[in-house]
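For reference, my_file39.cif is printed below; it contains mmCIF, C-alpha atoms and all ligand atoms.
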data_coords
#
loop_
_atom_site.label_atom_id
_atom_site.label_comp_id
_atom_site.auth_asym_id
_atom_site.auth_seq_id
_atom_site.Cartn_x
_atom_site.Cartn_y
_atom_site.Cartn_z
CA MET A 1 4.31 -25.40 -17.03
CA SER A 2 2.17 -26.75 -19.89
CA SER A 3 -0.35 -24.61 -21.83
CA THR A 4 -3.15 -26.17 -19.76
CA THR A 5 -1.67 -25.44 -16.36
CA TYR A 6 -0.71 -22.37 -14.36
CA ARG A 7 1.20 -21.68 -11.14
CA LYS A 8 0.48 -19.76 -7.97
CA LEU A 9 2.24 -18.92 -4.73
CA ILE A 10 0.77 -20.33 -1.55
CA ALA A 11 1.66 -20.24 2.13
CA THR A 12 2.24 -23.82 3.20
CA GLN A 13 3.05 -23.01 6.83
CA LEU A 14 3.08 -20.07 9.20
CA SER A 15 6.59 -18.71 9.66
CA HIS A 16 8.30 -15.55 10.86
CA ASN A 17 10.17 -15.62 7.57
CA PHE A 18 8.09 -15.07 4.39
CA ARG A 19 10.52 -17.08 2.25
CA SER A 20 10.23 -20.19 4.39
CA ALA A 21 6.41 -19.96 4.61
CA ILE A 22 5.74 -20.27 0.89
CA ALA A 23 5.79 -22.67 -2.05
CA ILE A 24 4.81 -22.63 -5.71
CA THR A 25 2.10 -25.02 -6.84
CA GLU A 26 0.84 -25.94 -10.32
CA LEU A 27 -2.84 -26.38 -11.24
CA PRO A 28 -5.02 -26.80 -14.35
CA ILE A 29 -6.13 -23.48 -15.88
CA PRO A 30 -9.76 -23.20 -14.72
CA THR A 31 -12.80 -23.02 -16.95
CA PRO A 32 -15.15 -20.21 -15.89
CA ALA A 33 -18.47 -20.86 -14.14
CA SER A 34 -21.46 -19.15 -15.70
CA ASN A 35 -20.92 -15.80 -13.87
CA GLU A 36 -17.12 -15.93 -13.93
CA VAL A 37 -14.21 -14.73 -16.02
CA VAL A 38 -10.76 -16.28 -16.24
CA ILE A 39 -7.98 -13.69 -16.14
CA ARG A 40 -4.32 -14.06 -17.06
CA ASN A 41 -2.46 -11.85 -14.60
CA HIS A 42 0.24 -9.67 -16.19
CA TYR A 43 1.42 -7.81 -13.07
CA ALA A 44 0.73 -7.97 -9.34
CA GLY A 45 1.43 -5.46 -6.58
CA ILE A 46 3.75 -6.40 -3.72
CA ASN A 47 2.36 -5.70 -0.24
CA ALA A 48 5.35 -6.92 1.72
CA GLY A 49 4.04 -5.77 5.09
CA PHE A 50 0.70 -7.51 4.74
CA ASP A 51 2.31 -10.62 3.19
CA THR A 52 4.77 -10.90 6.05
CA LEU A 53 2.18 -10.43 8.78
CA LEU A 54 -0.19 -12.89 7.08
CA CYS A 55 2.51 -15.56 6.93
CA ARG A 56 3.38 -14.90 10.58
CA GLY A 57 -0.30 -15.40 11.51
CA GLN A 58 -0.36 -11.82 12.84
CA VAL A 59 -3.28 -10.28 10.97
CA PRO A 60 -5.86 -10.41 13.76
CA TYR A 61 -8.95 -10.16 11.55
CA MET A 62 -7.71 -12.92 9.23
CA GLN A 63 -6.53 -16.06 11.00
CA LEU A 64 -5.86 -18.32 8.03
CA THR A 65 -4.83 -21.94 8.23
CA PRO A 66 -2.24 -23.01 5.63
CA PRO A 67 -2.34 -23.70 2.80
CA PHE A 68 -3.71 -20.35 1.66
CA ASP A 69 -3.30 -18.14 -1.40
CA LEU A 70 -1.26 -14.93 -1.38
CA GLY A 71 -1.19 -11.59 -3.12
CA VAL A 72 -3.99 -9.08 -3.63
CA GLU A 73 -4.01 -6.61 -6.52
CA ALA A 74 -3.33 -7.63 -10.10
CA VAL A 75 -3.85 -6.39 -13.64
CA GLY A 76 -4.33 -8.71 -16.57
CA GLU A 77 -6.53 -9.70 -19.47
CA VAL A 78 -9.70 -11.73 -19.71
CA VAL A 79 -9.00 -15.02 -21.50
CA ALA A 80 -12.37 -16.79 -21.02
CA ILE A 81 -15.88 -15.78 -19.94
CA GLY A 82 -18.83 -17.71 -18.51
CA GLN A 83 -22.10 -18.03 -20.41
CA ALA A 84 -23.95 -15.41 -18.31
CA VAL A 85 -21.24 -12.74 -18.45
CA GLU A 86 -22.31 -9.69 -20.45
CA THR A 87 -20.10 -6.95 -19.02
CA LEU A 88 -16.70 -8.24 -20.16
CA GLN A 89 -15.25 -9.83 -23.27
CA VAL A 90 -12.22 -11.96 -24.01
CA GLY A 91 -9.27 -9.59 -24.48
CA ASP A 92 -10.52 -6.93 -22.05
CA ALA A 93 -7.93 -5.48 -19.68
CA VAL A 94 -8.99 -5.68 -16.03
CA ALA A 95 -7.80 -4.86 -12.53
CA THR A 96 -8.65 -7.01 -9.51
CA THR A 97 -8.19 -6.60 -5.76
CA ILE A 98 -9.04 -9.93 -4.22
CA ARG A 99 -7.12 -11.49 -1.34
CA GLY A 100 -5.30 -14.46 -2.82
CA GLY A 101 -5.76 -13.17 -6.39
CA GLY A 102 -2.38 -11.49 -6.83
CA TYR A 103 0.48 -13.98 -6.70
CA ARG A 104 -0.77 -16.31 -9.41
CA GLU A 105 -0.59 -16.51 -13.18
CA TYR A 106 -4.33 -17.06 -13.73
CA GLN A 107 -7.45 -16.49 -11.64
CA ALA A 108 -11.15 -17.33 -12.08
CA ILE A 109 -13.43 -14.81 -10.37
CA ALA A 110 -16.99 -13.49 -10.53
CA ALA A 111 -17.14 -11.02 -13.43
CA ASN A 112 -18.49 -8.22 -11.21
CA LEU A 113 -15.25 -8.26 -9.19
CA ALA A 114 -13.11 -7.31 -12.22
CA VAL A 115 -12.78 -3.61 -13.06
CA LYS A 116 -12.34 -2.83 -16.74
CA ILE A 117 -9.28 -0.64 -17.42
CA ARG A 118 -7.71 0.80 -20.58
CA ALA A 119 -4.61 -1.41 -20.54
CA PRO A 120 -3.06 -3.94 -18.10
CA ILE A 121 -0.17 -1.65 -17.16
CA PRO A 122 1.65 -1.83 -13.79
CA GLU A 123 0.86 1.83 -13.03
CA ILE A 124 -2.74 0.80 -12.25
CA LEU A 125 -1.39 -1.15 -9.26
CA THR A 126 -0.46 2.14 -7.57
CA LEU A 127 -4.13 3.11 -7.55
CA MET A 128 -6.02 -0.01 -6.49
CA PRO A 129 -6.04 -0.55 -3.56
CA THR A 130 -2.86 1.36 -2.59
CA GLY A 131 -3.80 4.84 -3.81
CA LEU A 132 -7.38 4.33 -2.70
CA SER A 133 -6.08 3.60 0.79
CA ALA A 134 -4.16 6.88 0.76
CA LEU A 135 -7.27 8.77 -0.30
CA VAL A 136 -9.55 7.20 2.30
CA ALA A 137 -6.99 7.50 5.11
CA LEU A 138 -6.47 11.20 4.42
CA GLU A 139 -10.02 12.23 3.67
CA ARG A 140 -12.23 9.97 5.79
CA VAL A 141 -10.00 9.17 8.72
CA GLY A 142 -7.72 12.21 8.80
CA GLU A 143 -10.49 14.66 7.84
CA MET A 144 -8.07 16.38 5.46
CA ARG A 145 -8.85 20.03 4.75
CA SER A 146 -7.05 22.81 2.86
CA GLY A 147 -4.43 25.20 4.15
CA GLU A 148 -3.10 22.81 6.78
CA VAL A 149 0.31 21.27 7.39
CA VAL A 150 0.29 17.57 6.44
CA LEU A 151 3.19 15.20 7.16
CA ILE A 152 3.59 11.88 5.31
CA THR A 153 6.13 9.23 6.37
CA ALA A 154 7.53 6.66 3.89
CA ALA A 155 6.49 9.46 1.53
CA ALA A 156 8.22 8.07 -1.57
CA GLY A 157 6.74 4.59 -1.12
CA GLY A 158 3.76 2.96 -2.81
CA ILE A 159 1.07 4.52 -0.66
CA GLY A 160 3.11 7.54 0.44
CA HIS A 161 3.75 9.08 -2.98
CA ILE A 162 0.02 9.08 -3.74
CA ALA A 163 -0.76 10.55 -0.29
CA VAL A 164 1.72 13.39 -0.92
CA GLN A 165 -0.02 14.34 -4.15
CA LEU A 166 -3.55 14.10 -2.76
CA ALA A 167 -2.56 16.35 0.14
CA LYS A 168 -1.02 18.84 -2.30
CA LEU A 169 -4.05 18.73 -4.61
CA ALA A 170 -6.23 19.55 -1.58
CA GLY A 171 -4.19 22.73 -1.05
CA ASN A 172 -1.99 21.83 1.90
CA HIS A 173 1.65 22.43 2.89
CA VAL A 174 3.11 18.92 2.63
CA ILE A 175 6.13 17.52 4.47
CA GLY A 176 7.49 14.27 3.06
CA VAL A 177 9.74 12.06 5.19
CA CYS A 178 11.97 9.55 3.41
CA GLY A 179 15.32 7.77 3.58
CA SER A 180 17.41 8.30 0.41
CA ALA A 181 18.55 10.88 -2.12
CA ALA A 182 16.61 9.12 -4.91
CA LYS A 183 13.46 9.41 -2.83
CA VAL A 184 14.16 13.09 -2.17
CA ALA A 185 14.36 13.60 -5.95
CA LEU A 186 10.99 11.89 -6.49
CA LEU A 187 9.35 13.95 -3.74
CA GLU A 188 10.74 17.16 -5.25
CA GLU A 189 9.14 16.23 -8.56
CA LEU A 190 5.84 15.57 -6.78
CA GLY A 191 5.85 19.06 -5.25
CA CYS A 192 6.56 18.35 -1.58
CA ASP A 193 7.04 21.64 0.27
CA ARG A 194 9.58 20.28 2.78
CA ILE A 195 11.41 17.00 2.36
CA ILE A 196 13.11 15.44 5.34
CA ASN A 197 15.64 12.73 4.55
CA TYR A 198 15.92 11.12 7.98
CA ARG A 199 19.40 9.82 7.13
CA THR A 200 20.77 13.36 6.81
CA GLU A 201 18.45 15.32 9.11
CA THR A 202 16.70 14.56 12.39
CA LEU A 203 12.91 14.52 12.12
CA ASP A 204 12.43 15.78 15.67
CA ALA A 205 14.88 18.66 15.27
CA VAL A 206 13.42 19.84 11.95
CA LEU A 207 9.86 19.79 13.29
CA ARG A 208 10.89 21.54 16.50
CA GLN A 209 12.69 24.32 14.60
CA GLU A 210 10.52 24.81 11.56
CA TYR A 211 7.02 23.82 12.73
CA PRO A 212 6.77 25.09 16.33
CA LYS A 213 2.94 25.14 16.19
CA GLY A 214 2.92 21.43 15.38
CA ILE A 215 1.41 19.45 12.52
CA ASP A 216 -2.29 19.36 11.65
CA LEU A 217 -2.44 15.99 9.93
CA MET A 218 0.06 13.13 10.03
CA PHE A 219 -0.04 10.00 7.87
CA ASP A 220 2.35 7.49 9.47
CA CYS A 221 3.33 4.27 7.75
CA VAL A 222 6.50 3.56 9.74
CA GLY A 223 5.83 3.32 13.49
CA ARG A 224 8.31 3.00 16.39
CA GLN A 225 10.46 6.12 17.00
CA VAL A 226 8.96 7.84 13.95
CA PHE A 227 5.48 7.39 15.43
CA ASP A 228 6.65 8.66 18.83
CA THR A 229 8.15 11.77 17.24
CA CYS A 230 4.97 12.35 15.24
CA VAL A 231 2.84 12.16 18.41
CA ASP A 232 5.12 14.69 20.10
CA HIS A 233 4.63 17.15 17.22
CA LEU A 234 0.86 16.99 16.81
CA GLY A 235 -0.61 20.49 16.77
CA VAL A 236 -3.78 21.68 18.46
CA ARG A 237 -6.64 19.59 17.03
CA GLY A 238 -4.01 17.61 15.12
CA ARG A 239 -4.86 14.14 13.77
CA LEU A 240 -2.39 11.29 13.39
CA VAL A 241 -3.56 8.45 11.13
CA VAL A 242 -1.90 5.09 11.84
CA VAL A 243 -1.62 3.76 8.29
CA GLY A 244 0.87 1.07 9.26
CA PHE A 245 3.95 0.35 11.37
CA ILE A 246 6.26 -1.30 8.85
CA SER A 247 9.31 -0.95 11.12
CA GLU A 248 7.76 -3.59 13.41
CA TYR A 249 6.47 -6.11 10.84
CA THR A 250 9.52 -8.36 10.90
CA ASN A 251 10.20 -8.09 14.63
CA ASP A 252 8.38 -8.75 17.83
CA LEU A 253 6.46 -5.66 18.88
CA GLU A 254 8.54 -3.35 21.03
CA SER A 255 7.18 -2.81 24.55
CA VAL A 256 7.34 0.74 25.83
CA THR A 257 6.72 2.09 29.30
CA GLN A 258 5.63 5.69 29.54
CA PRO A 259 2.73 7.79 30.86
CA ARG A 260 -0.55 6.96 29.17
CA ILE A 261 -1.03 8.50 25.73
CA TYR A 262 -3.92 10.77 26.83
CA GLN A 263 -1.35 12.99 28.49
CA LYS A 264 0.03 13.85 25.05
CA LEU A 265 -3.36 14.22 23.34
CA PHE A 266 -5.68 15.85 25.88
CA TRP A 267 -3.89 19.20 26.22
CA LYS A 268 -3.96 19.72 22.46
CA SER A 269 -7.37 18.17 21.63
CA ALA A 270 -5.30 15.96 19.37
CA SER A 271 -6.16 12.44 18.25
CA ILE A 272 -4.61 9.24 16.94
CA ARG A 273 -6.78 7.27 14.54
CA GLY A 274 -6.30 3.75 13.24
CA PHE A 275 -6.98 3.02 9.57
CA LEU A 276 -7.53 -0.28 7.79
CA MET A 277 -8.83 -0.15 4.23
CA PRO A 278 -11.17 -3.18 4.48
CA HIS A 279 -13.26 -1.19 6.99
CA PHE A 280 -13.94 1.47 4.35
CA SER A 281 -15.09 -0.58 1.37
CA ASP A 282 -18.15 1.68 1.08
CA TYR A 283 -15.86 4.44 -0.25
CA ALA A 284 -14.09 2.22 -2.77
CA ALA A 285 -16.24 2.89 -5.85
CA GLU A 286 -16.43 6.68 -5.54
CA GLY A 287 -12.81 7.03 -4.40
CA GLY A 288 -11.57 4.67 -7.11
CA ASP A 289 -13.40 6.62 -9.83
CA ARG A 290 -11.86 9.87 -8.60
CA LEU A 291 -8.37 8.38 -8.53
CA PHE A 292 -8.69 6.95 -12.04
CA ASP A 293 -9.94 10.36 -13.27
CA LEU A 294 -6.93 12.07 -11.70
CA PHE A 295 -4.57 9.49 -13.21
CA TYR A 296 -6.05 9.50 -16.73
CA SER A 297 -6.20 13.33 -16.75
CA GLU A 298 -2.51 13.38 -15.71
CA LYS A 299 -3.15 15.29 -12.48
CA LEU A 300 -1.77 12.38 -10.46
CA ARG A 301 1.73 11.03 -11.19
CA VAL A 302 2.24 7.44 -10.24
CA ALA A 303 5.60 5.83 -9.51
CA VAL A 304 6.36 2.17 -10.13
CA ASP A 305 9.70 1.10 -8.67
CA PRO A 306 12.13 0.39 -11.57
CA MET A 307 13.51 -2.87 -10.11
CA LEU A 308 12.29 -5.71 -12.35
CA PHE A 309 10.86 -8.74 -10.54
CA GLN A 310 9.93 -11.45 -13.02
CA GLY A 311 7.75 -14.45 -12.17
CA LEU A 312 6.50 -16.09 -9.01
CA GLU A 313 10.03 -17.14 -8.00
CA SER A 314 11.03 -13.49 -7.64
CA ILE A 315 8.30 -12.60 -5.12
CA PRO A 316 10.34 -13.39 -1.96
CA ASP A 317 13.10 -11.13 -3.34
CA ALA A 318 10.52 -8.42 -4.02
CA VAL A 319 9.14 -8.72 -0.48
CA GLU A 320 12.62 -8.47 1.03
CA TYR A 321 13.52 -5.59 -1.29
CA LEU A 322 10.50 -3.58 -0.09
CA LEU A 323 11.16 -4.39 3.56
CA SER A 324 14.77 -3.26 3.15
CA GLY A 325 13.40 0.22 2.37
CA LYS A 326 15.15 0.46 -1.02
CA ASN A 327 12.05 0.94 -3.13
CA CYS A 328 10.90 4.20 -4.66
CA GLY A 329 7.21 3.97 -5.56
CA LYS A 330 5.15 0.79 -5.83
CA VAL A 331 6.94 -2.56 -6.09
CA VAL A 332 5.40 -4.87 -8.70
CA VAL A 333 6.07 -8.33 -10.09
CA ARG A 334 5.60 -9.22 -13.75
CA PHE A 335 4.32 -12.64 -14.88
N1 LIG B 401 -3.93 0.57 6.57
C1 LIG B 401 -4.08 0.10 5.35
O1 LIG B 401 -5.18 -0.28 4.92
C2 LIG B 401 -2.86 0.07 4.47
C3 LIG B 401 -2.96 -0.10 3.08
C4 LIG B 401 -1.79 -0.11 2.32
C5 LIG B 401 -0.55 0.04 2.96
N2 LIG B 401 -0.53 0.20 4.32
C6 LIG B 401 0.74 0.40 5.02
O2 LIG B 401 1.46 1.44 4.42
C7 LIG B 401 2.83 1.26 4.68
C8 LIG B 401 3.61 1.35 3.38
O3 LIG B 401 3.26 0.22 2.58
P1 LIG B 401 3.72 0.12 1.07
O4 LIG B 401 3.36 -1.25 0.63
O5 LIG B 401 3.22 1.30 0.30
O6 LIG B 401 5.30 0.14 1.21
P2 LIG B 401 6.30 1.26 0.70
O7 LIG B 401 5.97 2.53 1.40
O8 LIG B 401 6.36 1.24 -0.78
O9 LIG B 401 7.69 0.70 1.23
C9 LIG B 401 8.01 0.71 2.56
C10 LIG B 401 8.83 1.94 2.95
O10 LIG B 401 8.77 2.10 4.36
C11 LIG B 401 9.89 2.84 4.76
N3 LIG B 401 10.46 2.33 6.01
C12 LIG B 401 10.81 3.11 7.05
N4 LIG B 401 11.29 2.37 8.05
C13 LIG B 401 11.27 1.09 7.64
C14 LIG B 401 11.68 -0.13 8.24
N5 LIG B 401 12.20 -0.18 9.46
N6 LIG B 401 11.53 -1.26 7.53
C15 LIG B 401 11.00 -1.21 6.29
N7 LIG B 401 10.59 -0.08 5.67
C16 LIG B 401 10.74 1.07 6.35
C17 LIG B 401 10.93 2.77 3.64
O11 LIG B 401 11.00 4.06 3.07
P3 LIG B 401 11.84 5.24 3.78
O12 LIG B 401 13.15 4.64 4.22
O13 LIG B 401 11.98 6.24 2.72
O14 LIG B 401 11.02 5.70 4.95
C18 LIG B 401 10.30 1.79 2.65
O15 LIG B 401 10.65 2.10 1.33
C19 LIG B 401 2.99 -0.07 5.40
O16 LIG B 401 3.05 0.18 6.79
C20 LIG B 401 1.70 -0.79 5.04
O17 LIG B 401 1.32 -1.73 5.99
C21 LIG B 401 -1.64 0.21 5.06
#
Could you quickly redo this structure as structure tokens?
Ligand SMILES: NC(=O)c1ccc[n+]([C@@H]2O[C@H](COP(=O)([O-])OP(=O)(O)OC[C@H]3O[C@@H](n4cnc5c(N)ncnc54)[C@H](OP(=O)(O)O)[C@@H]3O)[C@@H](O)[C@H]2O)c1
Amino acid sequence: MSSTTYRKLIATQLSHNFRSAIAITELPIPTPASNEVVIRNHYAGINAGFDTLLCRGQVPYMQLTPPFDLGVEAVGEVVAIGQAVETLQVGDAVATTIRGGGYREYQAIAANLAVKIRAPIPEILTLMPTGLSALVALERVGEMRSGEVVLITAAAGGIGHIAVQLAKLAGNHVIGVCGSAAKVALLEELGCDRIINYRTETLDAVLRQEYPKGIDLMFDCVGRQVFDTCVDHLGVRGRLVVVGFISEYTNDLESVTQPRIYQKLFWKSASIRGFLMPHFSDYAAEGGDRLFDLFYSEKLRVAVDPMLFQGLESIPDAVEYLLSGKNCGKVVVRF
């Protein structure tokens, strides 16, 4: 790469395998239009589930034809500004959450889409849009209250570890479900009331024995058998928020034959609610401000996975690492 060019990751074809869908391409560093800023990305967040589904052509609201850009959230610094830009200066640290804006070394965007931050540190990537999604899913979709029992799956992951803390801050008894001793240690530090490592305990058995009245609010990221068990343990007026179903992202969807789901919901006045962050953009500003306040006032601890992924070439490894379930906290790539 010369000092006048930059590189980005693009999907060149749809494929069931992320690695075989992508390529790196080199372009001239853009000059900003009048209302734009040019940003040098320092870090980007890895959203392996979304990346995989996008490259499989399985995001129903976004049927993209290759080639298309990849990655969403990034933090970086402003390196050039357009003539009409008054809100940002060269050298400012900014965060961005634009589809296609993440997996690239530079981006030119309208200045009003960049959020000024104190420093371009990777920890910010746990908040926008990941942490914001946790907040909206719990509060707006799950109607989170205080004094309830809240269960979070993939609780030590990028979105899960923020959800755990928001549920605790709201005054709830929080159950965190995870799959390793390192994740158990993180969840202990975050104040989880009951941690279930599904490799050493059975989720169904623990819930049956210790929570016979069922769970008030469930935040499920995993799907398949975990989802089924969650549905079985919903309490009266319980709410289950479908945040994702990562266990199905790299496979064909499993077909199940059983009595219709109303049989499990009706008798408990329980509900299952889908959640997709793009449908809640009207809460982004207020929710984002609250999350940043919690983070800067040290009431919210954020976890960035310690595995170092360096450069665009490492992104397929980062995607596979996350999908293997090894990560603890948010997976990021450094440029
Ligand atoms: N709805 C939305 O708008 C929205 C926004 C952001 C994220 N999400 C969803 O939230 C979920 C978590 O995303 P994230 O990026 O924060 O990832 P993450 O939680 O940091 O990492 C994924 C975790 O999922 C768990 N997992 C359980 N079974 C798995 C399986 N069969 N394959 C892979 N992972 C498995 C693993 O932890 P354990 O082994 O400890 O369970 C793994 O570490 C995903 O479903 C994603 O699609 C949804």
- request: May I have the residues within 10 Å of Ala108 (chain A) as a list in words, using all atoms listed in the file and disregarding those fewer than 3 positions away in the same chain?
  value: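 Here the answer would be Ile29, Pro30, Thr31, Pro32, Ala33, Glu36, Val37, Val38, Ile39, Arg40, Val78, Val79, Ala80, Ile81, Gly101 and Ala111 of chain A.
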Exercise: Leu322 (chain A) partners within 12 Å, all atoms listed in the file, chain neighbours under 4 positions left out, as a PyMOL selection string: chain A and resi 45-52+154+156-158+246-247+249+305+307+309+315-318+326-333
task: List the neighbours of region 290-292 of chain A out to 10 Å using only C-alpha atoms; skip same-chain residues closer than 5 positions along the sequence, and give me the result as a ChimeraX atom specification.
output: /A:117,124,127-128,131-132,135,162,166,284-285,297-300
Residues of the last selection are to be written out with C-alpha atoms, as a PDB file, in the coordinates of the input.
ATOM      1  CA  ILE A 117      -9.280  -0.640 -17.420  1.00  0.00           C
ATOM      2  CA  ILE A 124      -2.740   0.800 -12.250  1.00  0.00           C
ATOM      3  CA  LEU A 127      -4.130   3.110  -7.550  1.00  0.00           C
ATOM      4  CA  MET A 128      -6.020  -0.010  -6.490  1.00  0.00           C
ATOM      5  CA  GLY A 131      -3.800   4.840  -3.810  1.00  0.00           C
ATOM      6  CA  LEU A 132      -7.380   4.330  -2.700  1.00  0.00           C
ATOM      7  CA  LEU A 135      -7.270   8.770  -0.300  1.00  0.00           C
ATOM      8  CA  ILE A 162       0.020   9.080  -3.740  1.00  0.00           C
ATOM      9  CA  LEU A 166      -3.550  14.100  -2.760  1.00  0.00           C
ATOM     10  CA  ALA A 284     -14.090   2.220  -2.770  1.00  0.00           C
ATOM     11  CA  ALA A 285     -16.240   2.890  -5.850  1.00  0.00           C
ATOM     12  CA  SER A 297      -6.200  13.330 -16.750  1.00  0.00           C
ATOM     13  CA  GLU A 298      -2.510  13.380 -15.710  1.00  0.00           C
ATOM     14  CA  LYS A 299      -3.150  15.290 -12.480  1.00  0.00           C
ATOM     15  CA  LEU A 300      -1.770  12.380 -10.460  1.00  0.00           C
TER      16      LEU A 300
END
query: Closest to Ile121 (chain A) among A:Glu286, A:Glu77, A:Asp204, A:Glu139, using only C-alpha atoms?
result: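 So, comparing all the options, the nearest one is A:Glu77.
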Step by step, gather every atom of ligand LIG 401 (chain B) that the file lists, find the box along x, y and z that holds them, add 5 Å on each side, and finally give centre and edge lengths in Å to one decimal, as lines of an AutoDock Vina configuration file.
center_x = 4.0
center_y = 2.3
center_z = 4.3
size_x = 28.3
size_y = 18.0
size_z = 20.2
statement: Arg145 (chain A) proximity check over A:Asp216, A:Glu73, A:Glu248, A:Glu201, using only C-alpha atoms: winner is A:Asp216
message: I'd like to know which of A:Ala23, A:Val256, A:Ala11, A:Leu276 is closest to Pro60 (chain A), using only C-alpha atoms.
response: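 Looking at the shortest contact to Pro60 (chain A), the residue is A:Leu276.
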message: Set the distance at 9 Å and use only C-alpha atoms: which residues neighbour region 262-272 of chain A once local chain neighbours fewer than 6 positions away are removed? I'd like the list as a list in words.
response: Asp216, Val231, Asp232, Leu234, Gly235, Val236, Arg237, Gly238, Arg239, Leu240, Val241 and Val242 of chain A
